[in-house]
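Peer 1: Input file: structure_19.pdb. Contents: PDB, C-alpha atoms.
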ATOM      1  CA  MET A   1    -147.781 -71.659-102.055
ATOM      2  CA  PRO A   2    -148.910 -74.032 -99.253
ATOM      3  CA  GLU A   3    -147.558 -77.564 -99.442
ATOM      4  CA  LEU A   4    -149.977 -80.117-100.872
ATOM      5  CA  GLN A   5    -151.431 -82.776 -98.612
ATOM      6  CA  ARG A   6    -150.255 -86.085-100.037
ATOM      7  CA  TRP A   7    -151.357 -89.709 -99.969
ATOM      8  CA  GLU A   8    -149.774 -92.598-101.838
ATOM      9  CA  ILE A   9    -151.090 -96.012-102.872
ATOM     10  CA  GLN A  10    -148.561 -98.764-103.555
ATOM     11  CA  GLU A  11    -150.704-101.658-104.806
ATOM     12  CA  PRO A  12    -154.187-102.228-106.268
ATOM     13  CA  TYR A  13    -157.048-103.480-104.136
ATOM     14  CA  LEU A  14    -158.326-105.601-107.033
ATOM     15  CA  ARG A  15    -156.917-106.578-110.423
ATOM     16  CA  PRO A  16    -159.811-107.448-112.766
ATOM     17  CA  ASN A  17    -157.546-107.064-115.835
ATOM     18  CA  GLY A  18    -159.609-104.134-117.015
ATOM     19  CA  ASP A  19    -159.172-102.027-120.114
ATOM     20  CA  LEU A  20    -161.091 -98.893-119.122
ATOM     21  CA  LEU A  21    -162.525 -99.096-115.612
ATOM     22  CA  GLU A  22    -164.883 -96.193-114.858
ATOM     23  CA  GLY A  23    -167.995 -95.138-112.980
ATOM     24  CA  PRO A  24    -167.348 -96.388-109.417
ATOM     25  CA  PHE A  25    -170.595 -96.212-107.425
ATOM     26  CA  TYR A  26    -171.118 -97.110-103.777
ATOM     27  CA  GLU A  27    -174.357 -98.842-102.750
ATOM     28  CA  PRO A  28    -174.728 -97.966 -99.038
ATOM     29  CA  GLU A  29    -177.788-100.195 -98.546
ATOM     30  CA  ASN A  30    -175.804-103.251 -99.624
ATOM     31  CA  ASN A  31    -172.256-102.094 -98.778
ATOM     32  CA  ARG A  32    -171.261-102.935-102.321
ATOM     33  CA  LEU A  33    -169.204-101.105-104.908
ATOM     34  CA  ARG A  34    -169.987-101.349-108.586
ATOM     35  CA  PHE A  35    -167.959-100.062-111.516
ATOM     36  CA  VAL A  36    -167.887-100.535-115.272
ATOM     37  CA  ASP A  37    -165.354-101.448-117.923
ATOM     38  CA  ILE A  38    -166.411 -99.382-120.932
ATOM     39  CA  ILE A  39    -164.239-101.216-123.455
ATOM     40  CA  GLN A  40    -164.930-104.741-122.171
ATOM     41  CA  ARG A  41    -168.623-103.786-121.770
ATOM     42  CA  LYS A  42    -168.910-105.158-118.245
ATOM     43  CA  LEU A  43    -170.346-104.265-114.847
ATOM     44  CA  HIS A  44    -168.218-105.377-111.904
ATOM     45  CA  VAL A  45    -169.569-105.598-108.341
ATOM     46  CA  ILE A  46    -167.783-106.320-105.073
ATOM     47  CA  ASP A  47    -169.118-106.822-101.561
ATOM     48  CA  ILE A  48    -166.840-104.569 -99.518
ATOM     49  CA  ALA A  49    -167.180-106.642 -96.343
ATOM     50  CA  GLU A  50    -166.252-109.842 -98.170
ATOM     51  CA  GLY A  51    -163.392-108.294-100.118
ATOM     52  CA  PRO A  52    -161.871-108.852-103.580
ATOM     53  CA  SER A  53    -162.894-112.516-103.778
ATOM     54  CA  SER A  54    -166.557-111.438-103.913
ATOM     55  CA  LEU A  55    -166.166-109.970-107.421
ATOM     56  CA  LYS A  56    -169.123-110.652-109.712
ATOM     57  CA  THR A  57    -169.455-109.509-113.319
ATOM     58  CA  ILE A  58    -172.274-108.843-115.790
ATOM     59  CA  ASP A  59    -171.582-108.577-119.527
ATOM     60  CA  PHE A  60    -173.535-105.665-121.010
ATOM     61  CA  GLY A  61    -172.842-106.164-124.710
ATOM     62  CA  ILE A  62    -172.760-102.369-125.079
ATOM     63  CA  PRO A  63    -170.410 -99.672-123.778
ATOM     64  CA  VAL A  64    -171.766 -98.273-120.500
ATOM     65  CA  GLY A  65    -170.156 -95.188-118.980
ATOM     66  CA  VAL A  66    -172.188 -94.533-115.847
ATOM     67  CA  THR A  67    -174.823 -96.048-113.553
ATOM     68  CA  ALA A  68    -177.295 -94.610-111.044
ATOM     69  CA  ASP A  69    -179.809 -95.862-108.506
ATOM     70  CA  ILE A  70    -183.538 -95.383-109.122
ATOM     71  CA  GLU A  71    -185.750 -94.028-106.346
ATOM     72  CA  GLY A  72    -188.057 -96.710-104.940
ATOM     73  CA  VAL A  73    -186.197 -99.556-106.676
ATOM     74  CA  ASP A  74    -183.863-102.003-104.933
ATOM     75  CA  SER A  75    -180.450-101.502-106.545
ATOM     76  CA  LYS A  76    -179.753-105.213-106.087
ATOM     77  CA  ASP A  77    -182.436-105.810-108.709
ATOM     78  CA  LYS A  78    -182.434-102.875-111.144
ATOM     79  CA  ILE A  79    -180.345 -99.770-111.821
ATOM     80  CA  LEU A  80    -180.179 -97.043-114.441
ATOM     81  CA  ILE A  81    -177.323 -97.164-116.948
ATOM     82  CA  GLY A  82    -175.983 -94.673-119.463
ATOM     83  CA  GLY A  83    -175.583 -96.903-122.488
ATOM     84  CA  LYS A  84    -174.641 -96.794-126.131
ATOM     85  CA  ALA A  85    -177.708 -94.994-127.461
ATOM     86  CA  GLY A  86    -179.568 -93.713-124.412
ATOM     87  CA  ILE A  87    -180.472 -94.344-120.792
ATOM     88  CA  ALA A  88    -181.682 -97.820-119.948
ATOM     89  CA  ILE A  89    -182.814 -99.936-117.018
ATOM     90  CA  LEU A  90    -180.583-102.904-116.276
ATOM     91  CA  ASP A  91    -182.053-105.987-114.619
ATOM     92  CA  ARG A  92    -179.119-107.223-112.568
ATOM     93  CA  ASN A  93    -180.700-110.633-112.069
ATOM     94  CA  THR A  94    -180.939-111.399-115.784
ATOM     95  CA  GLY A  95    -178.255-109.094-117.200
ATOM     96  CA  LYS A  96    -180.795-107.711-119.671
ATOM     97  CA  TYR A  97    -181.346-104.000-120.274
ATOM     98  CA  GLU A  98    -184.073-101.949-121.941
ATOM     99  CA  TYR A  99    -183.749 -98.399-123.208
ATOM    100  CA  ILE A 100    -186.273 -95.982-121.724
ATOM    101  CA  ARG A 101    -185.118 -92.836-123.577
ATOM    102  CA  ARG A 102    -182.651 -92.429-126.395
ATOM    103  CA  PHE A 103    -180.104 -89.672-126.808
ATOM    104  CA  TYR A 104    -181.659 -88.607-130.130
ATOM    105  CA  ASP A 105    -185.213 -88.797-131.447
ATOM    106  CA  ASP A 106    -184.504 -89.060-135.158
ATOM    107  CA  ALA A 107    -183.570 -92.248-136.951
ATOM    108  CA  ASP A 108    -179.998 -91.190-137.680
ATOM    109  CA  GLU A 109    -178.423 -94.601-137.233
ATOM    110  CA  ALA A 110    -175.034 -93.374-138.440
ATOM    111  CA  ARG A 111    -174.915 -90.791-135.665
ATOM    112  CA  ASP A 112    -176.214 -93.258-133.083
ATOM    113  CA  ASP A 113    -173.436 -95.623-134.099
ATOM    114  CA  ARG A 114    -170.778 -92.951-133.535
ATOM    115  CA  ILE A 115    -171.886 -91.875-130.055
ATOM    116  CA  ARG A 116    -171.801 -93.430-126.583
ATOM    117  CA  SER A 117    -172.389 -92.249-123.037
ATOM    118  CA  ASN A 118    -169.442 -91.167-120.947
ATOM    119  CA  ASP A 119    -169.867 -89.988-117.351
ATOM    120  CA  GLY A 120    -172.947 -88.552-115.627
ATOM    121  CA  ASN A 121    -174.717 -87.901-112.339
ATOM    122  CA  VAL A 122    -178.131 -87.311-110.743
ATOM    123  CA  ASP A 123    -179.045 -83.846-109.468
ATOM    124  CA  SER A 124    -181.009 -82.865-106.358
ATOM    125  CA  GLU A 125    -184.316 -83.012-108.249
ATOM    126  CA  GLY A 126    -183.683 -86.535-109.526
ATOM    127  CA  ARG A 127    -182.715 -85.636-113.098
ATOM    128  CA  MET A 128    -180.133 -87.845-114.773
ATOM    129  CA  TRP A 129    -177.334 -85.906-116.464
ATOM    130  CA  ILE A 130    -175.309 -87.674-119.153
ATOM    131  CA  ALA A 131    -172.251 -86.576-121.123
ATOM    132  CA  THR A 132    -171.957 -88.196-124.566
ATOM    133  CA  MET A 133    -168.939 -88.508-126.846
ATOM    134  CA  THR A 134    -167.489 -90.279-129.888
ATOM    135  CA  ASP A 135    -167.377 -94.064-129.492
ATOM    136  CA  PHE A 136    -164.036 -95.860-129.830
ATOM    137  CA  HIS A 137    -164.644 -97.563-133.173
ATOM    138  CA  ALA A 138    -165.608 -94.248-134.832
ATOM    139  CA  GLY A 139    -162.027 -92.959-134.839
ATOM    140  CA  PRO A 140    -160.563 -89.835-133.221
ATOM    141  CA  CYS A 141    -162.947 -87.952-130.947
ATOM    142  CA  LYS A 142    -164.779 -85.122-132.670
ATOM    143  CA  PRO A 143    -166.817 -82.202-131.278
ATOM    144  CA  GLU A 144    -170.059 -84.180-131.467
ATOM    145  CA  GLY A 145    -170.658 -84.804-127.769
ATOM    146  CA  HIS A 146    -173.475 -83.319-125.695
ATOM    147  CA  LEU A 147    -174.433 -82.659-122.097
ATOM    148  CA  LEU A 148    -177.992 -83.954-121.687
ATOM    149  CA  SER A 149    -180.442 -84.348-118.822
ATOM    150  CA  PHE A 150    -183.546 -86.510-118.382
ATOM    151  CA  ASP A 151    -186.331 -85.597-115.954
ATOM    152  CA  SER A 152    -188.970 -87.667-114.152
ATOM    153  CA  ASN A 153    -191.185 -87.743-117.257
ATOM    154  CA  LEU A 154    -188.203 -88.707-119.431
ATOM    155  CA  ASN A 155    -188.167 -85.306-121.082
ATOM    156  CA  ARG A 156    -184.698 -84.748-122.499
ATOM    157  CA  ALA A 157    -182.888 -81.397-122.414
ATOM    158  CA  THR A 158    -179.689 -80.520-124.280
ATOM    159  CA  HIS A 159    -177.486 -78.169-122.251
ATOM    160  CA  ARG A 160    -174.222 -78.185-124.210
ATOM    161  CA  SER A 161    -173.324 -79.262-127.739
ATOM    162  CA  GLU A 162    -170.199 -79.701-129.865
ATOM    163  CA  LEU A 163    -168.153 -81.117-126.995
ATOM    164  CA  VAL A 164    -165.217 -83.459-127.599
ATOM    165  CA  ILE A 165    -164.867 -85.395-124.317
ATOM    166  CA  PRO A 166    -167.324 -84.082-121.730
ATOM    167  CA  ASN A 167    -166.902 -85.978-118.516
ATOM    168  CA  SER A 168    -167.935 -85.782-114.851
ATOM    169  CA  VAL A 169    -170.865 -83.669-113.669
ATOM    170  CA  GLY A 170    -171.406 -82.499-110.083
ATOM    171  CA  TRP A 171    -172.739 -79.690-107.918
ATOM    172  CA  SER A 172    -171.487 -77.304-105.249
ATOM    173  CA  LEU A 173    -172.716 -77.750-101.684
ATOM    174  CA  SER A 174    -175.005 -74.729-102.158
ATOM    175  CA  ASN A 175    -176.506 -76.458-105.223
ATOM    176  CA  SER A 176    -176.118 -73.182-107.114
ATOM    177  CA  THR A 177    -173.160 -74.254-109.272
ATOM    178  CA  LEU A 178    -172.807 -77.148-111.715
ATOM    179  CA  TYR A 179    -169.319 -78.426-112.486
ATOM    180  CA  LEU A 180    -168.524 -80.099-115.813
ATOM    181  CA  VAL A 181    -165.183 -81.577-116.829
ATOM    182  CA  HIS A 182    -164.184 -81.120-120.473
ATOM    183  CA  SER A 183    -161.255 -83.501-120.651
ATOM    184  CA  THR A 184    -159.755 -82.421-123.977
ATOM    185  CA  GLU A 185    -159.682 -78.812-122.778
ATOM    186  CA  ALA A 186    -158.100 -79.942-119.473
ATOM    187  CA  THR A 187    -160.705 -77.806-117.738
ATOM    188  CA  ILE A 188    -163.445 -77.981-115.129
ATOM    189  CA  TYR A 189    -166.137 -75.490-116.101
ATOM    190  CA  ALA A 190    -168.562 -73.952-113.614
ATOM    191  CA  TYR A 191    -172.114 -72.880-114.480
ATOM    192  CA  ASP A 192    -174.836 -71.147-112.543
ATOM    193  CA  PHE A 193    -177.405 -73.875-111.842
ATOM    194  CA  ASP A 194    -181.152 -73.500-111.332
ATOM    195  CA  ALA A 195    -182.261 -76.638-109.493
ATOM    196  CA  ALA A 196    -185.958 -75.990-110.130
ATOM    197  CA  THR A 197    -185.636 -75.859-113.922
ATOM    198  CA  GLY A 198    -182.338 -77.626-114.538
ATOM    199  CA  ALA A 199    -181.081 -74.638-116.531
ATOM    200  CA  ILE A 200    -177.366 -73.794-116.578
ATOM    201  CA  SER A 201    -175.845 -70.427-117.506
ATOM    202  CA  ASN A 202    -172.803 -68.185-117.148
ATOM    203  CA  PRO A 203    -170.065 -70.678-118.128
ATOM    204  CA  ARG A 204    -166.616 -69.971-116.711
ATOM    205  CA  VAL A 205    -163.331 -71.735-116.069
ATOM    206  CA  PHE A 206    -163.254 -73.083-112.506
ATOM    207  CA  TRP A 207    -159.959 -74.995-112.700
ATOM    208  CA  LYS A 208    -157.457 -75.858-115.431
ATOM    209  CA  LEU A 209    -154.772 -78.548-115.578
ATOM    210  CA  ASP A 210    -151.421 -77.458-117.013
ATOM    211  CA  THR A 211    -149.482 -80.737-117.118
ATOM    212  CA  GLY A 212    -150.483 -81.828-120.626
ATOM    213  CA  SER A 213    -152.641 -84.659-119.258
ATOM    214  CA  GLU A 214    -156.445 -84.760-119.010
ATOM    215  CA  PRO A 215    -158.837 -84.533-116.060
ATOM    216  CA  ASP A 216    -161.262 -87.455-116.118
ATOM    217  CA  GLY A 217    -163.935 -88.277-113.511
ATOM    218  CA  PHE A 218    -164.399 -86.737-110.076
ATOM    219  CA  ALA A 219    -166.120 -87.081-106.713
ATOM    220  CA  ILE A 220    -167.109 -84.318-104.275
ATOM    221  CA  ASP A 221    -166.639 -84.478-100.506
ATOM    222  CA  VAL A 222    -168.789 -83.037 -97.714
ATOM    223  CA  GLU A 223    -166.623 -79.920 -97.543
ATOM    224  CA  GLY A 224    -167.317 -79.181-101.216
ATOM    225  CA  TYR A 225    -163.858 -80.160-102.448
ATOM    226  CA  ILE A 226    -163.521 -81.953-105.790
ATOM    227  CA  TRP A 227    -161.395 -85.113-105.986
ATOM    228  CA  GLN A 228    -160.318 -85.075-109.622
ATOM    229  CA  ALA A 229    -158.820 -88.120-111.371
ATOM    230  CA  VAL A 230    -156.089 -87.183-113.847
ATOM    231  CA  TYR A 231    -155.583 -89.477-116.837
ATOM    232  CA  GLY A 232    -151.892 -89.633-117.698
ATOM    233  CA  ASP A 233    -150.482 -88.232-114.452
ATOM    234  CA  GLY A 234    -151.189 -91.134-112.083
ATOM    235  CA  LYS A 235    -152.953 -88.894-109.592
ATOM    236  CA  VAL A 236    -156.194 -87.826-107.985
ATOM    237  CA  LEU A 237    -156.092 -84.124-107.087
ATOM    238  CA  ARG A 238    -158.111 -82.490-104.313
ATOM    239  CA  ILE A 239    -159.412 -79.096-105.450
ATOM    240  CA  SER A 240    -160.903 -76.507-103.092
ATOM    241  CA  PRO A 241    -164.246 -74.721-103.686
ATOM    242  CA  GLU A 242    -162.093 -71.748-104.737
ATOM    243  CA  GLY A 243    -160.455 -73.775-107.519
ATOM    244  CA  LYS A 244    -157.082 -74.333-105.806
ATOM    245  CA  THR A 245    -155.271 -77.677-105.809
ATOM    246  CA  VAL A 246    -154.633 -78.561-102.162
ATOM    247  CA  GLY A 247    -153.905 -82.289-102.165
ATOM    248  CA  GLU A 248    -152.922 -85.260-104.289
ATOM    249  CA  ILE A 249    -153.135 -89.033-104.218
ATOM    250  CA  ILE A 250    -150.275 -90.720-106.071
ATOM    251  CA  LEU A 251    -150.961 -94.098-107.710
ATOM    252  CA  PRO A 252    -148.559 -96.638-109.263
ATOM    253  CA  THR A 253    -150.226 -96.367-112.674
ATOM    254  CA  ARG A 254    -150.695 -93.391-114.988
ATOM    255  CA  ASN A 255    -154.221 -93.638-116.349
ATOM    256  CA  VAL A 256    -156.487 -92.721-113.446
ATOM    257  CA  THR A 257    -160.109 -92.490-114.562
ATOM    258  CA  CYS A 258    -162.605 -91.837-111.751
ATOM    259  CA  CYS A 259    -163.293 -92.101-108.026
ATOM    260  CA  ALA A 260    -166.126 -92.500-105.522
ATOM    261  CA  PHE A 261    -166.527 -92.345-101.760
ATOM    262  CA  ALA A 262    -167.637 -95.181 -99.488
ATOM    263  CA  GLY A 263    -167.391 -93.741 -96.016
ATOM    264  CA  GLU A 264    -163.917 -92.234 -95.674
ATOM    265  CA  ASP A 265    -162.490 -94.580 -98.299
ATOM    266  CA  LEU A 266    -161.970 -93.203-101.791
ATOM    267  CA  TRP A 267    -162.277 -95.913-104.434
ATOM    268  CA  ILE A 268    -160.353 -95.203-107.621
ATOM    269  CA  THR A 269    -160.633 -96.786-111.074
ATOM    270  CA  THR A 270    -157.866 -96.892-113.676
ATOM    271  CA  ALA A 271    -157.278 -97.851-117.305
ATOM    272  CA  SER A 272    -154.681-100.070-118.932
ATOM    273  CA  GLU A 273    -151.725 -98.863-120.975
ATOM    274  CA  SER A 274    -151.598 -99.297-124.741
ATOM    275  CA  ALA A 275    -149.196-101.950-126.023
ATOM    276  CA  GLU A 276    -146.827 -99.216-127.187
ATOM    277  CA  ASN A 277    -146.904 -97.285-123.906
ATOM    278  CA  ALA A 278    -146.506-100.480-121.896
ATOM    279  CA  LYS A 279    -142.923-100.735-123.164
ATOM    280  CA  THR A 280    -142.179 -97.203-121.970
ATOM    281  CA  TYR A 281    -144.126 -97.450-118.703
ATOM    282  CA  PRO A 282    -143.893-101.104-117.577
ATOM    283  CA  GLU A 283    -144.760-100.369-113.932
ATOM    284  CA  SER A 284    -147.835 -98.403-114.972
ATOM    285  CA  ALA A 285    -148.836-101.217-117.323
ATOM    286  CA  ARG A 286    -148.522-103.775-114.514
ATOM    287  CA  ASN A 287    -150.817-101.764-112.255
ATOM    288  CA  GLY A 288    -153.280-100.366-114.795
ATOM    289  CA  GLY A 289    -156.849-101.520-115.364
ATOM    290  CA  ALA A 290    -157.171-102.077-111.610
ATOM    291  CA  LEU A 291    -159.240-100.839-108.665
ATOM    292  CA  TYR A 292    -157.657 -98.935-105.779
ATOM    293  CA  LYS A 293    -158.799 -97.598-102.422
ATOM    294  CA  ILE A 294    -157.413 -95.278 -99.767
ATOM    295  CA  ASN A 295    -158.731 -93.698 -96.567
ATOM    296  CA  VAL A 296    -158.673 -89.909 -96.982
ATOM    297  CA  GLY A 297    -160.298 -88.967 -93.667
ATOM    298  CA  ILE A 298    -163.445 -87.381 -95.096
ATOM    299  CA  THR A 299    -166.718 -88.622 -96.577
ATOM    300  CA  GLY A 300    -168.404 -87.786 -99.854
ATOM    301  CA  VAL A 301    -171.696 -86.055-100.564
ATOM    302  CA  GLU A 302    -174.701 -88.352-100.685
ATOM    303  CA  LYS A 303    -175.676 -89.560-104.139
ATOM    304  CA  HIS A 304    -179.153 -88.672-105.404
ATOM    305  CA  LYS A 305    -181.411 -91.243-107.045
ATOM    306  CA  PHE A 306    -183.043 -90.975-110.458
ATOM    307  CA  LYS A 307    -186.719 -90.126-110.055
ATOM    308  CA  LEU A 308    -189.626 -91.158-112.269
ATOM    309  CA  THR A 309    -193.282 -90.188-111.935
ATOM    310  CA  GLU A 310    -195.738 -92.968-111.097
ATOM    311  CA  GLU A 311    -197.143 -92.860-114.615
ATOM    312  CA  THR A 312    -193.703 -93.065-116.186
ATOM    313  CA  ARG A 313    -192.701 -95.888-113.852
ATOM    314  CA  LYS A 314    -195.655 -97.921-115.108
ATOM    315  CA  THR A 315    -194.768 -97.110-118.708
ATOM    316  CA  VAL A 316    -191.231 -98.435-118.308
ATOM    317  CA  GLY A 317    -192.300-101.474-116.290
ATOM    318  CA  LEU A 318    -191.223-100.530-112.766
TER     319      LEU A 318
END
How would this structure read if it were set down as structure tokens?
Peer 2:
Amino acid sequence: MPELQRWEIQEPYLRPNGDLLEGPFYEPENNRLRFVDIIQRKLHVIDIAEGPSSLKTIDFGIPVGVTADIEGVDSKDKILIGGKAGIAILDRNTGKYEYIRRFYDDADEARDDRIRSNDGNVDSEGRMWIATMTDFHAGPCKPEGHLLSFDSNLNRATHRSELVIPNSVGWSLSNSTLYLVHSTEATIYAYDFDAATGAISNPRVFWKLDTGSEPDGFAIDVEGYIWQAVYGDGKVLRISPEGKTVGEIILPTRNVTCCAFAGEDLWITTASESAENAKTYPESARNGGALYKINVGITGVEKHKFKLTEETRKTVGL
């Protein structure tokens, strides 16, 4: 077996005292990085040129798992968020948000209360894909999560049901394969993907983790390799288009949650340790809930923007 390419990070770039940092997203137009804290219900933003001291924070009031840019809208003003009960538009100037499509149509408030968004992504046609899962206060995660997508008319499609912790979504360079992480199964699944219709089919195991920990969020580079955060192992793994682990980034904290490219820098979010685990893993506890970065010598694929038709844009006030 070929030796893994290895990188190591010794210290965080930024310590915002987070609980569950997730969803790093690079804004190339502004050279800013934004990321969320799902438990603290916050959006953090840094100006990369200015550095850690530029940190600014918005309190959501709801758990937000993922954000995306909207085509034709300045991301400094408004962005799309995957919120508690649906997708919403966040006004970054006021901190207010408004739902534009909910995850469910019926008035099942009990179910709405149990569910939140997790990770997601925008495909080549501008659809927003969202993975949903059990919210923290509802107890142990149950198979009640879904993989949903929302098109330019805000039509919602359900692609997978009865998932426990569905996570990152992404696509191969050929755009013919969709990747979906199912964290509790320690697996990245691959599906045939029809970009024109958004349909997925032919599910199969692309990659499986055998350490007892869970794959969390990922990013994809311009060579089609997946950079997979591993929650519990203190690593980001680089996985080839053939499903082989070829590299690893080692961090000084165990709970690695997600990553995103900004140029050749990979930005990595992490979560804190529980009070009980902090006694067992004091070094991990000291460095958890922080933001990291490392130059990995390659760039990521360009992020797509969420698209809305002109009529729908007017309807939602854009």
Peer 1: Need the shell around range 272-277 of chain A: protein/DNA/RNA residues with any atom at most 12 Å away, counting all atoms listed in the file. Skip same-chain ones fewer than 5 positions apart. Format as a PDB file with C-alpha atoms, in the coordinates of the input?
Peer 2:
ATOM      1  CA  ARG A  15    -156.917-106.578-110.423  1.00  0.00           C
ATOM      2  CA  PRO A  16    -159.811-107.448-112.766  1.00  0.00           C
ATOM      3  CA  ASN A  17    -157.546-107.064-115.835  1.00  0.00           C
ATOM      4  CA  GLY A  18    -159.609-104.134-117.015  1.00  0.00           C
ATOM      5  CA  ASP A  19    -159.172-102.027-120.114  1.00  0.00           C
ATOM      6  CA  LEU A  20    -161.091 -98.893-119.122  1.00  0.00           C
ATOM      7  CA  LEU A  21    -162.525 -99.096-115.612  1.00  0.00           C
ATOM      8  CA  GLU A  22    -164.883 -96.193-114.858  1.00  0.00           C
ATOM      9  CA  ASP A  37    -165.354-101.448-117.923  1.00  0.00           C
ATOM     10  CA  ILE A  38    -166.411 -99.382-120.932  1.00  0.00           C
ATOM     11  CA  ILE A  39    -164.239-101.216-123.455  1.00  0.00           C
ATOM     12  CA  GLN A  40    -164.930-104.741-122.171  1.00  0.00           C
ATOM     13  CA  TYR A 231    -155.583 -89.477-116.837  1.00  0.00           C
ATOM     14  CA  GLY A 232    -151.892 -89.633-117.698  1.00  0.00           C
ATOM     15  CA  GLY A 234    -151.189 -91.134-112.083  1.00  0.00           C
ATOM     16  CA  PRO A 252    -148.559 -96.638-109.263  1.00  0.00           C
ATOM     17  CA  THR A 253    -150.226 -96.367-112.674  1.00  0.00           C
ATOM     18  CA  ARG A 254    -150.695 -93.391-114.988  1.00  0.00           C
ATOM     19  CA  ASN A 255    -154.221 -93.638-116.349  1.00  0.00           C
ATOM     20  CA  VAL A 256    -156.487 -92.721-113.446  1.00  0.00           C
ATOM     21  CA  THR A 257    -160.109 -92.490-114.562  1.00  0.00           C
ATOM     22  CA  PRO A 282    -143.893-101.104-117.577  1.00  0.00           C
ATOM     23  CA  GLU A 283    -144.760-100.369-113.932  1.00  0.00           C
ATOM     24  CA  SER A 284    -147.835 -98.403-114.972  1.00  0.00           C
ATOM     25  CA  ALA A 285    -148.836-101.217-117.323  1.00  0.00           C
ATOM     26  CA  ARG A 286    -148.522-103.775-114.514  1.00  0.00           C
ATOM     27  CA  ASN A 287    -150.817-101.764-112.255  1.00  0.00           C
ATOM     28  CA  GLY A 288    -153.280-100.366-114.795  1.00  0.00           C
ATOM     29  CA  GLY A 289    -156.849-101.520-115.364  1.00  0.00           C
ATOM     30  CA  ALA A 290    -157.171-102.077-111.610  1.00  0.00           C
ATOM     31  CA  LEU A 291    -159.240-100.839-108.665  1.00  0.00           C
TER      32      LEU A 291
END
Peer 1: For Gly51 in chain A, list every protein, DNA or RNA residue within 12 Å, evaluated using all atoms listed in the file, and leave out those in the same chain fewer than 3 positions away; present the list as a PyMOL selection string.
Peer 2: chain A and resi 13-14+31-33+45-48+54-56+293
Peer 1: As number ranges by chain, please: the residues near range 313-316 of chain A (cut-off 10 Å, only C-alpha atoms, same-chain neighbours under 2 positions excluded).
Peer 2: A: 88-89, 98-101, 152-153, 307-311, 318
Peer 1: In Å, with one decimal, what is the gap from CA of Ala138 in chain A to CA of Ile62 in chain A?
Peer 2: 14.6 Å
Peer 1: Between A:Lys208, A:His44, A:Lys84, A:His146, which residue has the minimum interatomic distance to Glu185 in chain A, considering only C-alpha atoms?
Peer 2: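 The closest residue to Glu185 in chain A is A:Lys208.
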Peer 1: Report as a ChimeraX atom specification the full result of the PyMOL selection byres ((chain A and resi 198) around 10) when it is applied to this structure.
Peer 2: /A:123-125,127,129,149-151,157,159,178,193-197,199-200
Peer 1: Which neighbours of Thr177 in chain A fall inside 10 Å, counting all atoms listed in the file, when residues of the same chain fewer than 2 positions from it are skipped, and could you give them as a VMD selection string?
Peer 2: chain A and resid 170 to 175 179 to 180 189 to 195 200 to 202
Peer 1: What's the separation between CA of Val169 in chain A and CA of Ala271 in chain A, in Å to one decimal place?
Peer 2: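 So the two atoms, CA of Val169 in chain A and CA of Ala271 in chain A, lie 20.0 Å apart.
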Peer 1: Can you list what the PyMOL selection byres ((chain A and resi 64-77) around 8) grabs from this structure, as JSON, numbers by chain?
Peer 2: {"A": [22, 23, 25, 27, 30, 36, 37, 38, 41, 42, 60, 62, 63, 78, 79, 80, 81, 82, 83, 84, 91, 92, 93, 116, 117, 118, 119, 120, 121, 122, 304, 305, 306, 307, 308, 318]}
Peer 1: Could you please determine the separation between CA of Leu90 in chain A and CA of Phe35 in chain A in Å, to one decimal place?
Peer 2: 13.8 Å
Peer 1: When you count only C-alpha atoms, which of these residues is closest to Val230 in chain A: A:Gly126, A:Lys303, A:Glu50, A:Asp210?
Peer 2: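 Selected residue with least distance to Val230 in chain A: A:Asp210.
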Peer 1: Pick from A:Val246, A:Val222, A:Ala131, A:Ile87: nearest to Thr158 in chain A, with all atoms listed in the file counted?
Peer 2: A:Ala131
Peer 1: Choose the residue, out of A:Pro52, A:Thr312, A:Arg156, A:Leu4, that has the smallest atom-to-atom separation from Met128 in chain A; count only C-alpha atoms.
Peer 2: A:Arg156
Peer 1: Taking all atoms of range 179-186 of chain A that the file lists, what box with edges along x, y and z, padded by 8 Å per side, do you get, with centre and edge lengths in Å to one decimal, as AutoDock Vina command-line options?
Peer 2:
--center_x -163.7 --center_y -81.0 --center_z -118.2 --size_x 27.2 --size_y 21.1 --size_z 27.5
Peer 1: Given the file above and the PyMOL selection byres ((chain A and resi 243) around 9), which residues are selected, and can you give them as a list in words?
Peer 2: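 Written out, the selection comes to Phe206, Trp207, Lys208, Tyr225, Ile226, Ile239, Ser240, Pro241, Glu242, Lys244 and Thr245 of chain A.
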Peer 1: Can you spit out the residues from that selection as an mmCIF file, keeping the file's coordinate frame, using C-alpha atoms?
Peer 2:
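What follows is the written file part-v4.cif:
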data_model
loop_
_atom_site.group_PDB
_atom_site.id
_atom_site.type_symbol
_atom_site.label_atom_id
_atom_site.label_comp_id
_atom_site.auth_asym_id
_atom_site.auth_seq_id
_atom_site.Cartn_x
_atom_site.Cartn_y
_atom_site.Cartn_z
ATOM 1 C CA PHE A 206 -163.254 -73.083 -112.506
ATOM 2 C CA TRP A 207 -159.959 -74.995 -112.700
ATOM 3 C CA LYS A 208 -157.457 -75.858 -115.431
ATOM 4 C CA TYR A 225 -163.858 -80.160 -102.448
ATOM 5 C CA ILE A 226 -163.521 -81.953 -105.790
ATOM 6 C CA ILE A 239 -159.412 -79.096 -105.450
ATOM 7 C CA SER A 240 -160.903 -76.507 -103.092
ATOM 8 C CA PRO A 241 -164.246 -74.721 -103.686
ATOM 9 C CA GLU A 242 -162.093 -71.748 -104.737
ATOM 10 C CA LYS A 244 -157.082 -74.333 -105.806
ATOM 11 C CA THR A 245 -155.271 -77.677 -105.809
#
Peer 1: When you count all atoms listed in the file, which of these residues is closest to Ala262 in chain A: A:Asn167, A:Thr132, A:Thr299, A:Thr57?
Peer 2: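 Of all the options, A:Thr299 lies closest to Ala262 in chain A.
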